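Listing of coords21.cif; format and content: mmCIF, C-alpha atoms.
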data_work
#
loop_
_atom_site.label_atom_id
_atom_site.label_comp_id
_atom_site.auth_asym_id
_atom_site.auth_seq_id
_atom_site.Cartn_x
_atom_site.Cartn_y
_atom_site.Cartn_z
CA ARG A 1 3.60 -8.39 22.10
CA SER A 2 -0.10 -8.01 21.47
CA SER A 3 -1.15 -5.83 18.53
CA GLY A 4 -4.11 -4.71 20.63
CA GLY A 5 -6.74 -5.87 18.12
CA SER A 6 -7.85 -8.84 16.05
CA GLY A 7 -6.50 -9.78 12.64
CA PRO A 8 -3.22 -7.85 12.41
CA CYS A 9 -2.40 -7.82 8.68
CA HIS A 10 0.35 -5.25 8.00
CA LEU A 11 3.32 -3.77 9.85
CA VAL A 12 6.09 -1.27 9.27
CA LEU A 13 9.09 0.16 11.11
CA ASP A 14 9.37 3.90 11.59
CA THR A 15 12.32 5.50 9.81
CA ALA A 16 14.39 5.59 13.02
CA SER A 17 13.68 1.89 13.70
CA ASP A 18 12.48 2.85 17.18
CA LEU A 19 8.90 1.69 16.63
CA VAL A 20 6.95 -1.04 14.88
CA LEU A 21 3.43 -0.08 13.83
CA ALA A 22 0.73 -2.60 12.96
CA ALA A 23 -2.72 -2.37 11.36
CA ASN A 24 -5.45 -4.63 12.74
CA TYR A 25 -7.89 -5.52 9.96
CA GLY A 26 -10.40 -7.43 12.09
CA GLY A 27 -10.30 -5.00 14.99
CA GLY A 28 -10.17 -1.84 12.88
CA SER A 29 -7.30 -0.34 14.86
CA VAL A 30 -3.62 0.58 14.72
CA CYS A 31 -0.89 0.22 17.33
CA ALA A 32 2.72 1.30 17.92
CA ILE A 33 5.18 -0.83 19.89
CA ALA A 34 8.58 0.41 21.06
CA ILE A 35 11.74 -1.40 19.95
CA ASN A 36 14.34 -1.87 22.68
CA VAL A 37 18.05 -1.16 22.19
CA ASP A 38 18.67 -4.92 21.86
CA ASN A 39 16.02 -5.04 19.06
CA THR A 40 13.48 -6.90 21.18
CA LEU A 41 9.90 -5.61 21.35
CA GLY A 42 9.12 -3.27 24.22
CA GLU A 43 5.84 -1.89 25.43
CA GLN A 44 2.89 -0.68 23.39
CA VAL A 45 3.22 3.10 23.35
CA GLY A 46 0.34 3.99 21.04
CA PHE A 47 -3.06 2.62 20.07
CA VAL A 48 -6.05 4.04 18.19
CA GLN A 49 -9.41 2.33 17.71
CA HIS A 50 -11.11 3.48 14.51
CA GLU A 51 -14.84 4.18 14.54
CA GLY A 52 -17.51 4.37 11.86
CA LYS A 53 -18.55 2.65 8.62
CA SER A 54 -19.11 3.29 4.92
CA VAL A 55 -21.60 2.36 2.21
CA ASP A 56 -21.07 -1.37 1.57
CA PRO A 57 -23.15 -3.35 4.13
CA GLY A 58 -21.18 -6.53 3.51
CA ARG A 59 -17.63 -5.26 3.97
CA GLN A 60 -17.88 -1.73 5.38
CA LYS A 61 -20.21 -1.95 8.35
CA GLU A 62 -17.21 -1.37 10.63
CA PRO A 63 -13.59 -0.17 10.33
CA HIS A 64 -10.91 -2.42 8.81
CA ALA A 65 -7.40 -0.96 9.04
CA HIS A 66 -5.52 -2.61 6.17
CA SER A 67 -2.05 -1.04 6.15
CA VAL A 68 0.16 1.48 7.90
CA ASN A 69 2.98 3.61 6.45
CA VAL A 70 5.32 6.22 7.92
CA SER A 71 6.40 9.47 6.24
CA ARG A 72 10.08 9.79 5.36
CA ASP A 73 10.56 12.57 7.95
CA ASN A 74 9.12 10.23 10.62
CA ARG A 75 6.46 12.77 11.64
CA PHE A 76 3.28 11.08 10.41
CA ALA A 77 1.68 7.64 10.14
CA PHE A 78 -0.87 6.87 7.41
CA VAL A 79 -3.45 4.11 7.91
CA ALA A 80 -5.57 2.93 4.97
CA ASP A 81 -8.91 1.77 6.38
CA LEU A 82 -10.97 -0.31 3.95
CA GLY A 83 -14.10 -0.08 6.10
CA LEU A 84 -14.11 3.72 6.36
CA ASP A 85 -12.98 4.73 2.84
CA LYS A 86 -10.26 6.86 4.42
CA VAL A 87 -6.51 7.11 4.79
CA LEU A 88 -6.29 8.31 8.37
CA VAL A 89 -3.31 10.46 9.31
CA TYR A 90 -1.64 10.50 12.75
CA LYS A 91 1.16 12.60 14.17
CA LEU A 92 3.82 10.12 15.21
CA ASN A 93 4.64 11.73 18.56
CA ARG A 94 7.00 9.09 20.00
CA GLY A 95 4.45 6.52 18.94
CA LYS A 96 1.49 8.21 20.63
CA LEU A 97 -0.50 8.34 17.32
CA VAL A 98 -2.16 11.73 17.74
CA PRO A 99 -4.90 12.45 15.13
CA ASN A 100 -3.67 14.96 12.57
CA ALA A 101 -5.47 18.06 11.33
CA PRO A 102 -6.61 17.51 8.61
CA PRO A 103 -7.29 13.97 9.87
CA ALA A 104 -7.58 11.94 6.63
CA GLY A 105 -7.47 11.56 2.89
CA ILE A 106 -10.91 10.45 1.68
CA VAL A 107 -11.66 8.23 -1.32
CA ALA A 108 -14.94 7.62 -3.17
CA PRO A 109 -17.58 5.70 -1.13
CA GLY A 110 -17.28 1.95 -1.56
CA SER A 111 -13.67 2.09 -2.80
CA GLY A 112 -12.11 0.17 0.09
CA PRO A 113 -8.55 1.57 0.44
CA ARG A 114 -5.99 -1.17 1.06
CA HIS A 115 -2.30 -0.27 0.60
CA PHE A 116 -0.50 3.05 0.33
CA ALA A 117 2.75 4.32 -1.23
CA PHE A 118 4.66 7.61 -1.39
CA HIS A 119 6.30 9.12 -4.45
CA PRO A 120 10.08 9.54 -3.88
CA SER A 121 9.75 13.31 -4.47
CA GLY A 122 7.64 13.60 -1.32
CA LYS A 123 5.03 15.57 -3.27
CA PHE A 124 2.54 12.78 -4.01
CA ALA A 125 1.07 9.63 -2.49
CA TYR A 126 -1.12 6.84 -3.80
CA VAL A 127 -3.64 4.42 -2.29
CA ILE A 128 -4.92 1.32 -4.08
CA ASN A 129 -8.59 0.56 -3.50
CA GLU A 130 -9.44 -3.14 -3.18
CA MET A 131 -13.20 -2.95 -3.73
CA GLY A 132 -13.28 -0.22 -6.36
CA ASN A 133 -10.33 -1.56 -8.39
CA THR A 134 -8.86 1.93 -8.54
CA VAL A 135 -5.79 3.91 -7.51
CA THR A 136 -6.33 7.32 -5.94
CA ALA A 137 -3.54 9.87 -6.37
CA PHE A 138 -3.03 12.54 -3.69
CA ALA A 139 -1.00 15.71 -3.48
CA TYR A 140 0.97 15.43 -0.24
CA ASP A 141 1.95 18.37 1.95
CA GLU A 142 4.95 17.19 3.99
CA LYS A 143 4.70 20.11 6.41
CA LEU A 144 1.03 19.58 7.28
CA GLY A 145 0.82 15.82 6.69
CA SER A 146 -2.23 16.44 4.50
CA LEU A 147 -3.55 14.49 1.51
CA THR A 148 -5.57 16.19 -1.26
CA GLU A 149 -7.05 14.02 -4.01
CA ILE A 150 -5.76 14.63 -7.53
CA GLN A 151 -7.49 11.84 -9.46
CA SER A 152 -8.74 8.25 -9.31
CA VAL A 153 -8.02 5.78 -12.12
CA GLY A 154 -9.07 2.18 -12.75
CA THR A 155 -6.62 -0.72 -12.57
CA LEU A 156 -8.46 -3.16 -14.85
CA PRO A 157 -8.42 -3.45 -18.65
CA SER A 158 -11.47 -1.77 -20.18
CA ASN A 159 -12.75 -5.06 -21.64
CA PHE A 160 -12.58 -7.06 -18.40
CA LYS A 161 -16.02 -8.03 -17.05
CA GLY A 162 -15.27 -10.51 -14.25
CA GLU A 163 -14.72 -10.22 -10.51
CA SER A 164 -11.41 -8.81 -9.31
CA TYR A 165 -9.82 -7.15 -6.28
CA THR A 166 -6.68 -5.03 -6.10
CA ALA A 167 -3.98 -5.74 -3.53
CA GLU A 168 -0.54 -4.08 -3.63
CA VAL A 169 0.71 -0.73 -4.92
CA VAL A 170 4.38 0.18 -5.51
CA VAL A 171 6.04 3.30 -6.91
CA HIS A 172 9.20 2.67 -8.95
CA PRO A 173 12.37 4.06 -7.29
CA SER A 174 12.75 6.52 -10.20
CA GLY A 175 9.30 7.94 -9.49
CA LYS A 176 8.38 7.48 -13.15
CA PHE A 177 6.04 4.50 -12.81
CA LEU A 178 3.41 3.02 -10.50
CA TYR A 179 2.36 -0.63 -10.32
CA GLY A 180 -0.80 -2.19 -8.88
CA SER A 181 -1.89 -5.84 -8.61
CA ASN A 182 -5.26 -7.25 -9.71
CA ARG A 183 -6.46 -10.48 -8.09
CA GLY A 184 -9.06 -12.17 -10.29
CA GLN A 185 -8.11 -10.44 -13.52
CA ASP A 186 -4.61 -11.62 -12.47
CA SER A 187 -2.22 -8.96 -13.69
CA ILE A 188 0.12 -6.19 -12.67
CA ALA A 189 -1.22 -2.87 -13.94
CA VAL A 190 1.42 -0.38 -15.09
CA PHE A 191 1.00 3.40 -14.95
CA SER A 192 3.26 6.29 -15.91
CA ILE A 193 3.47 9.19 -13.44
CA ASP A 194 3.50 12.83 -14.51
CA GLN A 195 6.41 14.26 -12.53
CA LYS A 196 4.86 17.74 -12.28
CA THR A 197 1.27 16.84 -11.37
CA GLY A 198 1.49 13.32 -9.92
CA LYS A 199 -1.28 12.17 -12.26
CA LEU A 200 -1.35 8.60 -13.54
CA THR A 201 -1.75 7.30 -17.09
CA ALA A 202 -2.45 3.59 -17.62
CA THR A 203 0.09 2.09 -20.04
CA SER A 204 -0.05 -1.72 -19.86
CA HIS A 205 -0.97 -4.92 -17.99
CA GLN A 206 1.30 -7.92 -17.47
CA GLY A 207 -0.45 -11.19 -16.69
CA GLU A 208 1.92 -13.86 -17.99
CA GLY A 209 2.29 -16.48 -15.26
CA VAL A 210 0.47 -14.28 -12.74
CA LYS A 211 -2.06 -15.99 -10.44
CA TRP A 212 -3.76 -14.05 -7.62
CA PRO A 213 -0.94 -11.53 -7.02
CA ARG A 214 -1.51 -10.58 -3.39
CA ASN A 215 1.83 -8.80 -3.14
CA PHE A 216 4.81 -7.83 -5.29
CA ASN A 217 7.85 -5.61 -4.99
CA VAL A 218 10.38 -3.74 -7.11
CA ASP A 219 14.04 -4.29 -6.23
CA PRO A 220 16.03 -1.25 -5.02
CA SER A 221 17.88 -0.95 -8.36
CA GLY A 222 14.54 -0.61 -10.18
CA LYS A 223 15.50 -3.31 -12.69
CA TYR A 224 13.23 -6.15 -11.57
CA CYS A 225 9.74 -6.78 -10.21
CA LEU A 226 9.03 -9.89 -8.12
CA VAL A 227 5.40 -11.01 -8.05
CA CYS A 228 3.94 -13.30 -5.36
CA ASN A 229 1.39 -15.71 -6.85
CA GLU A 230 -0.63 -16.67 -3.79
CA ARG A 231 -2.72 -19.16 -5.76
CA GLY A 232 0.06 -20.12 -8.15
CA ASP A 233 2.54 -21.24 -5.46
CA SER A 234 5.37 -19.25 -7.01
CA ILE A 235 7.25 -15.97 -7.19
CA MET A 236 7.75 -14.70 -10.75
CA VAL A 237 10.58 -12.39 -11.85
CA PHE A 238 9.95 -9.65 -14.43
CA ALA A 239 12.44 -7.24 -16.00
CA ILE A 240 11.42 -3.57 -15.99
CA ASP A 241 11.79 -1.44 -19.12
CA GLN A 242 13.42 1.73 -17.80
CA ALA A 243 11.82 3.88 -20.52
CA THR A 244 8.21 2.65 -20.32
CA GLY A 245 7.93 0.73 -17.05
CA ALA A 246 6.62 -2.32 -18.92
CA LEU A 247 7.23 -5.76 -17.38
CA THR A 248 8.76 -8.67 -19.31
CA PRO A 249 9.10 -12.21 -17.88
CA THR A 250 12.73 -13.21 -17.35
CA GLY A 251 11.94 -16.89 -16.92
CA GLY A 252 13.00 -16.63 -13.29
CA LYS A 253 10.64 -18.44 -10.93
CA VAL A 254 10.76 -19.59 -7.32
CA VAL A 255 8.38 -22.37 -6.25
CA VAL A 256 6.96 -21.62 -2.79
CA ALA A 257 3.60 -22.42 -1.19
CA LYS A 258 1.09 -19.55 -1.14
CA PRO A 259 3.52 -16.59 -1.03
CA VAL A 260 1.86 -13.40 0.21
CA CYS A 261 4.74 -10.96 0.74
CA VAL A 262 8.26 -10.38 -0.59
CA LYS A 263 10.77 -7.87 0.81
CA PHE A 264 14.32 -6.86 -0.10
CA MET A 265 16.99 -6.64 2.60
CA ALA A 266 20.30 -4.81 2.45
CA LEU A 267 23.27 -7.00 3.33
#
Would it be possible to restate this file's structure as structure tokens?
Amino acid sequence: RSSGGSGPCHLVLDTASDLVLAANYGGGSVCAIAINVDNTLGEQVGFVQHEGKSVDPGRQKEPHAHSVNVSRDNRFAFVADLGLDKVLVYKLNRGKLVPNAPPAGIVAPGSGPRHFAFHPSGKFAYVINEMGNTVTAFAYDEKLGSLTEIQSVGTLPSNFKGESYTAEVVVHPSGKFLYGSNRGQDSIAVFSIDQKTGKLTATSHQGEGVKWPRNFNVDPSGKYCLVCNERGDSIMVFAIDQATGALTPTGGKVVVAKPVCVKFMAL
């Protein structure tokens, strides 16, 4: 089925597995496609074309939807748009994608929001900003589907002076830690999360064996982090310190050409 726009780059199932939603980076749009009872793709039931621009004339002269996520109660969809410096919020009315009120969480101009993650408490959410090399923390109101900025923190070491771009953001299953990937500086940034306020505190960076980490994931047990090295042709395995969130190489490594995404599947 067509995604309805150019350059689809990210997709997600709704929590009922009735819909697949996709973000179109090139087209600056988002779509929802029904899933049939036999798990085949049905018809497109929702589509929204984003409009507008932001401050960077090179990368933000038009919308660029970079990811889509669904709330755990299946009521809202959240679309991080790099070109608009917004996380747009839609009511997920059987896939119709109705603009919410309030309609978006807004980040600092020129930040370029890329990927988005919820805290397991349902009280907070986080977006990683590709161009600004920052993570923005939001207070999340589950009833209203609203995002209110709490803080924005940098992902790079203070002494780094080169060119770098963030990519993925993941909250640890315990809710105690947040991880973000830096492409260029080539590391996974580690943050602790204040359980009362949702605020982040940078604690460490792990760059051993890391090369252009486009994506990574934490396994459901919370014991390991798998990092995709797009330019290192490998997936690295790190053990997670349950007290600090720090990452330590296990020596585990899978050789694979240009990995860009890793997911865990229940069997």
query: Which one is closest to Lys223 of chain A: A:His66, A:His172, A:Lys258, A:Arg183? Count all atoms listed in the file.
result: A:His172
message: Can you translate the PyMOL selection byres ((chain A and resi 206) around 12) into the concrete residues it hits in this file, as an NGL selection string?
response: :A and (155-157 or 179-182 or 185-191 or 203-205 or 207-211 or 213 or 225 or 227 or 236-240 or 245-249)
task: Name all residues at most 10 Å from Ala257 of chain A (count all atoms listed in the file; drop same-chain ones fewer than 3 positions away) and give them as a VMD selection string.
output: chain A and resid 229 to 235 254 260
Proximity check segment 19-103 of chain A to segment 127-140 of chain A, 12 Å, nearest pairs one decimal Å, only C-alpha atoms, as a tab-separated table:
residue	atom	partner	partner_atom	distance
A:Val55	CA	A:Met131	CA	11.6
A:Asp56	CA	A:Met131	CA	9.6
A:Gly58	CA	A:Met131	CA	11.4
A:Arg59	CA	A:Met131	CA	9.2
A:Gln60	CA	A:Met131	CA	10.3
A:His66	CA	A:Glu130	CA	10.2
A:Ser67	CA	A:Val127	CA	10.2
A:Val68	CA	A:Val127	CA	11.3
A:Asn69	CA	A:Val127	CA	11.0
A:Ser71	CA	A:Tyr140	CA	10.3
A:Phe76	CA	A:Tyr140	CA	11.7
A:Phe78	CA	A:Val127	CA	10.4
A:Val79	CA	A:Val127	CA	10.2
A:Ala80	CA	A:Val127	CA	7.7
A:Asp81	CA	A:Asn129	CA	10.0
A:Leu82	CA	A:Glu130	CA	7.8
A:Gly83	CA	A:Met131	CA	10.3
A:Leu84	CA	A:Asn129	CA	11.7
A:Asp85	CA	A:Asn129	CA	8.8
A:Lys86	CA	A:Val127	CA	9.7
A:Val87	CA	A:Val127	CA	8.1
A:Leu88	CA	A:Val127	CA	11.7
A:Val89	CA	A:Tyr140	CA	11.6
A:Pro102	CA	A:Tyr140	CA	11.8
Please dump the current selection as a PDB file, in the coordinates of the input; keep C-alpha atoms.
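See result12.pdb below for the written result:
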ATOM      1  CA  VAL A  55     -21.600   2.360   2.210  1.00  0.00           C
ATOM      2  CA  ASP A  56     -21.070  -1.370   1.570  1.00  0.00           C
ATOM      3  CA  GLY A  58     -21.180  -6.530   3.510  1.00  0.00           C
ATOM      4  CA  ARG A  59     -17.630  -5.260   3.970  1.00  0.00           C
ATOM      5  CA  GLN A  60     -17.880  -1.730   5.380  1.00  0.00           C
ATOM      6  CA  HIS A  66      -5.520  -2.610   6.170  1.00  0.00           C
ATOM      7  CA  SER A  67      -2.050  -1.040   6.150  1.00  0.00           C
ATOM      8  CA  VAL A  68       0.160   1.480   7.900  1.00  0.00           C
ATOM      9  CA  ASN A  69       2.980   3.610   6.450  1.00  0.00           C
ATOM     10  CA  SER A  71       6.400   9.470   6.240  1.00  0.00           C
ATOM     11  CA  PHE A  76       3.280  11.080  10.410  1.00  0.00           C
ATOM     12  CA  PHE A  78      -0.870   6.870   7.410  1.00  0.00           C
ATOM     13  CA  VAL A  79      -3.450   4.110   7.910  1.00  0.00           C
ATOM     14  CA  ALA A  80      -5.570   2.930   4.970  1.00  0.00           C
ATOM     15  CA  ASP A  81      -8.910   1.770   6.380  1.00  0.00           C
ATOM     16  CA  LEU A  82     -10.970  -0.310   3.950  1.00  0.00           C
ATOM     17  CA  GLY A  83     -14.100  -0.080   6.100  1.00  0.00           C
ATOM     18  CA  LEU A  84     -14.110   3.720   6.360  1.00  0.00           C
ATOM     19  CA  ASP A  85     -12.980   4.730   2.840  1.00  0.00           C
ATOM     20  CA  LYS A  86     -10.260   6.860   4.420  1.00  0.00           C
ATOM     21  CA  VAL A  87      -6.510   7.110   4.790  1.00  0.00           C
ATOM     22  CA  LEU A  88      -6.290   8.310   8.370  1.00  0.00           C
ATOM     23  CA  VAL A  89      -3.310  10.460   9.310  1.00  0.00           C
ATOM     24  CA  PRO A 102      -6.610  17.510   8.610  1.00  0.00           C
TER      25      PRO A 102
END
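You can rank A:Phe124, A:Gly110, A:Ala77, A:Val12 by their closest distance to Lys53 of chain A using all atoms listed in the file, and at the top of that list sits A:Gly110.
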- line: Atom pair atom CA of Thr197 of chain A + atom CA of Asn100 of chain A, distance 24.5 Å
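Counting from atom CA of Ser174 of chain A, the distance to atom CA of Tyr126 of chain A is 15.3 Å.
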Would you mind listing what lies within 7 Å of Cys261 of chain A as a PDB file with C-alpha atoms, in the coordinates of the input, with only C-alpha atoms counted and same-chain residues fewer than 6 positions away left out?
ATOM      1  CA  ASN A 215       1.830  -8.800  -3.140  1.00  0.00           C
ATOM      2  CA  PHE A 216       4.810  -7.830  -5.290  1.00  0.00           C
ATOM      3  CA  CYS A 228       3.940 -13.300  -5.360  1.00  0.00           C
TER       4      CYS A 228
END
